[in-house]
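**Q** mmCIF, C-alpha atoms, saved as start29.cif, coming up:
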data_model
#
loop_
_atom_site.group_PDB
_atom_site.id
_atom_site.type_symbol
_atom_site.label_atom_id
_atom_site.label_comp_id
_atom_site.auth_asym_id
_atom_site.auth_seq_id
_atom_site.Cartn_x
_atom_site.Cartn_y
_atom_site.Cartn_z
ATOM 1 C CA ARG A 646 114.637 116.279 111.889
ATOM 2 C CA MET A 647 113.669 112.622 112.200
ATOM 3 C CA THR A 648 115.234 110.611 114.969
ATOM 4 C CA THR A 649 116.871 107.274 114.365
ATOM 5 C CA ARG A 650 113.937 105.524 116.137
ATOM 6 C CA HIS A 651 111.476 107.414 113.923
ATOM 7 C CA GLN A 652 113.315 106.224 110.814
ATOM 8 C CA GLN A 653 113.523 102.668 112.162
ATOM 9 C CA LEU A 654 109.764 102.539 112.845
ATOM 10 C CA LYS A 655 108.921 103.912 109.406
ATOM 11 C CA HIS A 656 111.203 101.316 107.831
ATOM 12 C CA LEU A 657 109.647 98.504 109.912
ATOM 13 C CA ALA A 658 106.126 99.549 108.895
ATOM 14 C CA ASP A 659 107.125 99.780 105.214
ATOM 15 C CA THR A 660 108.817 96.386 105.330
ATOM 16 C CA PHE A 661 105.832 94.843 107.106
ATOM 17 C CA THR A 662 103.521 96.139 104.354
ATOM 18 C CA ALA A 663 105.894 94.814 101.697
ATOM 19 C CA THR A 664 105.560 91.287 103.159
ATOM 20 C CA PHE A 665 101.793 91.529 102.619
ATOM 21 C CA ASN A 666 102.240 92.744 99.059
ATOM 22 C CA ALA A 667 104.636 89.846 98.401
ATOM 23 C CA HIS A 668 102.054 87.398 99.842
ATOM 24 C CA ASP A 669 104.775 86.100 102.178
ATOM 25 C CA LEU A 670 103.012 84.774 105.263
ATOM 26 C CA ASP A 671 106.187 83.580 107.000
ATOM 27 C CA ALA A 672 107.883 86.962 106.575
ATOM 28 C CA THR A 673 104.754 88.730 107.847
ATOM 29 C CA MET A 674 104.506 86.468 110.887
ATOM 30 C CA ALA A 675 108.186 87.051 111.733
ATOM 31 C CA PHE A 676 107.220 90.588 112.770
ATOM 32 C CA PHE A 677 104.881 89.461 115.570
ATOM 33 C CA THR A 678 105.781 88.600 119.148
ATOM 34 C CA ASP A 679 104.421 85.286 120.450
ATOM 35 C CA ASP A 680 101.795 87.102 122.542
ATOM 36 C CA ALA A 681 100.856 89.760 119.975
ATOM 37 C CA VAL A 682 97.260 90.930 119.505
ATOM 38 C CA TYR A 683 95.578 91.575 116.146
ATOM 39 C CA GLU A 684 92.211 93.300 115.946
ATOM 40 C CA GLU A 685 90.689 92.637 112.526
ATOM 41 C CA MET A 686 88.815 95.269 110.532
ATOM 42 C CA HIS A 687 85.497 93.457 110.957
ATOM 43 C CA GLY A 688 85.780 92.919 114.705
ATOM 44 C CA PRO A 689 87.461 89.675 115.779
ATOM 45 C CA ILE A 690 90.431 89.938 118.128
ATOM 46 C CA ARG A 691 93.195 87.376 117.609
ATOM 47 C CA GLU A 692 95.556 86.795 120.522
ATOM 48 C CA GLY A 693 98.871 85.032 120.042
ATOM 49 C CA LYS A 694 100.960 84.304 116.990
ATOM 50 C CA ALA A 695 99.141 81.053 116.091
ATOM 51 C CA ALA A 696 95.723 82.760 116.069
ATOM 52 C CA ILE A 697 97.072 85.680 114.045
ATOM 53 C CA ARG A 698 98.645 83.316 111.516
ATOM 54 C CA LYS A 699 95.336 81.481 111.111
ATOM 55 C CA ALA A 700 93.541 84.799 110.471
ATOM 56 C CA PHE A 701 96.065 85.737 107.772
ATOM 57 C CA GLU A 702 96.171 82.331 106.039
ATOM 58 C CA ALA A 703 93.014 82.978 103.989
ATOM 59 C CA LEU A 704 94.368 86.311 102.761
ATOM 60 C CA PHE A 705 97.728 84.904 101.797
ATOM 61 C CA SER A 706 96.236 81.798 100.119
ATOM 62 C CA LYS A 707 94.825 84.114 97.418
ATOM 63 C CA ARG A 708 91.431 82.514 98.063
ATOM 64 C CA PHE A 709 89.975 85.996 97.658
ATOM 65 C CA GLY A 710 92.290 86.951 94.809
ATOM 66 C CA THR A 711 95.455 89.005 95.096
ATOM 67 C CA MET A 712 95.948 92.006 97.348
ATOM 68 C CA ARG A 713 98.234 95.015 97.301
ATOM 69 C CA PHE A 714 98.420 97.750 99.914
ATOM 70 C CA GLU A 715 99.285 101.242 98.705
ATOM 71 C CA GLU A 716 100.406 103.607 101.463
ATOM 72 C CA GLU A 717 98.640 106.941 101.658
ATOM 73 C CA ASP A 718 100.067 108.541 104.777
ATOM 74 C CA THR A 719 102.084 107.470 107.801
ATOM 75 C CA PHE A 720 102.485 108.976 111.257
ATOM 76 C CA VAL A 721 105.164 107.818 113.673
ATOM 77 C CA ASP A 722 105.316 108.315 117.448
ATOM 78 C CA ALA A 723 108.909 107.260 118.088
ATOM 79 C CA ASP A 724 108.685 107.625 121.880
ATOM 80 C CA ALA A 725 105.660 105.305 122.106
ATOM 81 C CA GLY A 726 106.830 102.892 119.381
ATOM 82 C CA LYS A 727 103.621 103.437 117.411
ATOM 83 C CA VAL A 728 102.953 103.820 113.697
ATOM 84 C CA MET A 729 99.666 104.730 112.026
ATOM 85 C CA THR A 730 99.537 104.154 108.315
ATOM 86 C CA SER A 731 96.556 104.794 106.060
ATOM 87 C CA TRP A 732 96.243 102.793 102.869
ATOM 88 C CA THR A 733 94.233 101.754 99.859
ATOM 89 C CA LEU A 734 93.914 98.006 99.507
ATOM 90 C CA HIS A 735 93.639 96.892 95.896
ATOM 91 C CA LEU A 736 91.987 93.481 95.590
ATOM 92 C CA SER A 737 91.850 91.488 92.376
ATOM 93 C CA SER A 738 89.056 89.067 93.112
ATOM 94 C CA LEU A 739 88.856 85.604 91.634
ATOM 95 C CA ASP A 740 85.779 86.559 89.595
ATOM 96 C CA GLY A 741 87.810 89.285 87.886
ATOM 97 C CA LYS A 742 86.113 92.244 89.559
ATOM 98 C CA PRO A 743 88.725 94.537 91.089
ATOM 99 C CA MET A 744 87.871 96.195 94.379
ATOM 100 C CA GLN A 745 89.451 98.849 96.566
ATOM 101 C CA LEU A 746 89.154 99.393 100.304
ATOM 102 C CA ARG A 747 90.524 102.325 102.251
ATOM 103 C CA GLY A 748 91.630 101.976 105.829
ATOM 104 C CA LEU A 749 94.404 102.283 108.339
ATOM 105 C CA ASP A 750 96.574 100.202 110.610
ATOM 106 C CA LEU A 751 97.764 101.137 114.060
ATOM 107 C CA LEU A 752 100.982 99.265 114.772
ATOM 108 C CA TRP A 753 102.626 99.009 118.210
ATOM 109 C CA PHE A 754 106.273 97.943 118.151
ATOM 110 C CA ASP A 755 108.425 96.686 121.008
ATOM 111 C CA GLY A 756 111.901 97.010 119.553
ATOM 112 C CA ASP A 757 111.498 95.638 116.045
ATOM 113 C CA ARG A 758 108.585 93.282 116.771
ATOM 114 C CA LEU A 759 104.853 93.929 116.575
ATOM 115 C CA VAL A 760 102.952 93.516 119.823
ATOM 116 C CA ARG A 761 99.628 94.895 118.576
ATOM 117 C CA LYS A 762 97.994 95.565 115.205
ATOM 118 C CA LEU A 763 94.613 97.249 114.916
ATOM 119 C CA THR A 764 93.006 97.498 111.480
ATOM 120 C CA TYR A 765 90.210 99.886 110.576
ATOM 121 C CA CYS A 766 88.413 100.181 107.248
ATOM 122 C CA LYS A 767 85.956 102.652 105.758
ATOM 123 C CA ALA A 768 82.501 101.122 105.335
ATOM 124 C CA LYS A 769 79.199 102.053 103.727
ATOM 125 C CA GLU A 770 77.414 101.431 107.023
ATOM 126 C CA PRO A 771 78.634 101.829 110.594
ATOM 127 C CA ARG A 772 79.162 98.654 112.572
ATOM 128 C CA TYR A 773 77.428 98.728 115.920
ATOM 129 C CA VAL A 774 78.849 96.738 118.768
ATOM 130 C CA GLU A 775 76.625 95.731 121.685
ATOM 131 C CA GLY A 776 78.312 96.416 124.946
#
How does this structure look as structure tokens?
**A**
Amino acid sequence: RMTTRHQQLKHLADTFTATFNAHDLDATMAFFTDDAVYEEMHGPIREGKAAIRKAFEALFSKRFGTMRFEEEDTFVDADAGKVMTSWTLHLSSLDGKPMQLRGLDLLWFDGDRLVRKLTYCKAKEPRYVEG
């Protein structure tokens, strides 16, 4: 049986995704704490709400066309406040060529606010990081 916290986290993750699908930047940003961290799928780490907003602005401007996330599977760790959701991202590019990406988000919640978002995406080639 799901706990109330489990249900709350699932609802928060679903609502967060819905703000992306609605292209509502302000509603998306309302989920983040001021000191939240966002690790993008292609590597950059954005720290703080202003930096995260800047990273999302291009997506929400529809500069790359429209986007819609379709949930595939979701796992919730209610005790840790974590949600992992896998998805297919449907992109309708400006040149009319639709594209799909598959990936997942790891979301860390403190109460009902996001403190960390890590995004991973399947790729044709592995990305190597010097370190």
**Q** I'd like the interatomic distance between atom CA of A:Gly710 and atom CA of A:Gly741, to a tenth of an Å.
**A**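 That distance, rounded to one decimal, is 8.6 Å.
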**Q** Would you mind reading off the distance between atom CA of A:Lys767 and atom CA of A:Arg747, one decimal, in Å?
**A**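 Computing it gives 5.8 Å between the two atoms.
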**Q** Quick one: which stretch 651-703 of chain A residues come within 12 Å of stretch 748-752 of chain A, and what is the nearest atom pair for each with the distance in Å to one decimal, counting all atoms listed in the file, rows ordered by chain and ascending number, as JSON lines?
**A**
{"residue": "A:Leu654", "atom": "CA", "partner": "A:Leu752", "partner_atom": "CA", "distance": 9.6}
{"residue": "A:Lys655", "atom": "CA", "partner": "A:Leu752", "partner_atom": "CA", "distance": 10.6}
{"residue": "A:Leu657", "atom": "CA", "partner": "A:Leu752", "partner_atom": "CA", "distance": 10.0}
{"residue": "A:Ala658", "atom": "CA", "partner": "A:Leu752", "partner_atom": "CA", "distance": 7.8}
{"residue": "A:Asp659", "atom": "CA", "partner": "A:Leu752", "partner_atom": "CA", "distance": 11.4}
{"residue": "A:Phe661", "atom": "CA", "partner": "A:Leu752", "partner_atom": "CA", "distance": 10.1}
{"residue": "A:Thr662", "atom": "CA", "partner": "A:Asp750", "partner_atom": "CA", "distance": 10.2}
{"residue": "A:Phe676", "atom": "CA", "partner": "A:Leu752", "partner_atom": "CA", "distance": 10.9}
{"residue": "A:Phe677", "atom": "CA", "partner": "A:Leu752", "partner_atom": "CA", "distance": 10.6}
{"residue": "A:Ala681", "atom": "CA", "partner": "A:Leu752", "partner_atom": "CA", "distance": 10.8}
{"residue": "A:Val682", "atom": "CA", "partner": "A:Leu752", "partner_atom": "CA", "distance": 10.3}
{"residue": "A:Tyr683", "atom": "CA", "partner": "A:Leu752", "partner_atom": "CA", "distance": 9.5}
{"residue": "A:Glu684", "atom": "CA", "partner": "A:Asp750", "partner_atom": "CA", "distance": 9.8}
{"residue": "A:Glu685", "atom": "CA", "partner": "A:Asp750", "partner_atom": "CA", "distance": 9.8}
{"residue": "A:Met686", "atom": "CA", "partner": "A:Gly748", "partner_atom": "CA", "distance": 8.7}
{"residue": "A:His687", "atom": "CA", "partner": "A:Gly748", "partner_atom": "CA", "distance": 11.7}
**Q** Would you work out the distance separating atom CA of A:Glu715 from atom CA of A:Trp753, expressed in Å to one decimal?
**A** 19.9 Å
**Q** So, counting only C-alpha atoms, which residue among A:Arg761, A:Lys742, A:Thr648, A:Met712 is closest to A:Ala667?
**A**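 Nearest to A:Ala667: A:Met712.
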**Q** For A:Asp680, find every residue with an atom within 8 Å (counting only C-alpha atoms), except residues of its own chain fewer than 5 positions away, and show them as a list of chain:residue names.
**A**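 The residues that qualify are A:Glu692, A:Gly693, A:Lys694, A:Val760.
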**Q** How big is the axis-aligned box, and where does its centre sit, when it encloses all atoms of stretch 666-672 of chain A listed in the file and has 8 Å added on every side, reported in Å to one decimal as lines of an AutoDock Vina configuration file?
**A**
center_x = 105.0
center_y = 88.2
center_z = 102.7
size_x = 21.8
size_y = 25.2
size_z = 24.6
**Q** Return the single residue from A:Asp755, A:Glu717, A:Asp679, A:Glu702 that is closest to A:Gln653, with distances computed using all atoms listed in the file.
**A**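 Nearest candidate to A:Gln653 out of A:Asp755, A:Glu717, A:Asp679, A:Glu702: A:Asp755.
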**Q** Check which residues satisfy the PyMOL selection byres ((chain A and resi 723) around 8) in the file shown, then give them as a count of residues only.
**A** 10
**Q** Which residue, A:Met674, A:Pro743, A:Ser738, A:Glu716, has the smallest gap to A:Ala696 when you use only C-alpha atoms?
**A** A:Met674
**Q** Return the single residue from A:Asp718, A:Arg708, A:Lys762, A:Ile697 that is closest to A:Asp740, with distances computed using all atoms listed in the file.
**A**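 Ranked by minimum distance to A:Asp740, first place goes to A:Arg708.
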**Q** Which one of A:His656, A:Tyr765, A:Ala695, A:Asp669 sits closest to A:Lys707 if you count all atoms listed in the file?
**A** A:Asp669
**Q** Go through A:Thr678, A:Thr711, A:Thr730, A:Ser706 and flag the residue nearest A:Asp757, using only C-alpha atoms for the distances.
**A**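 Under the stated criterion, the closest residue is A:Thr678.
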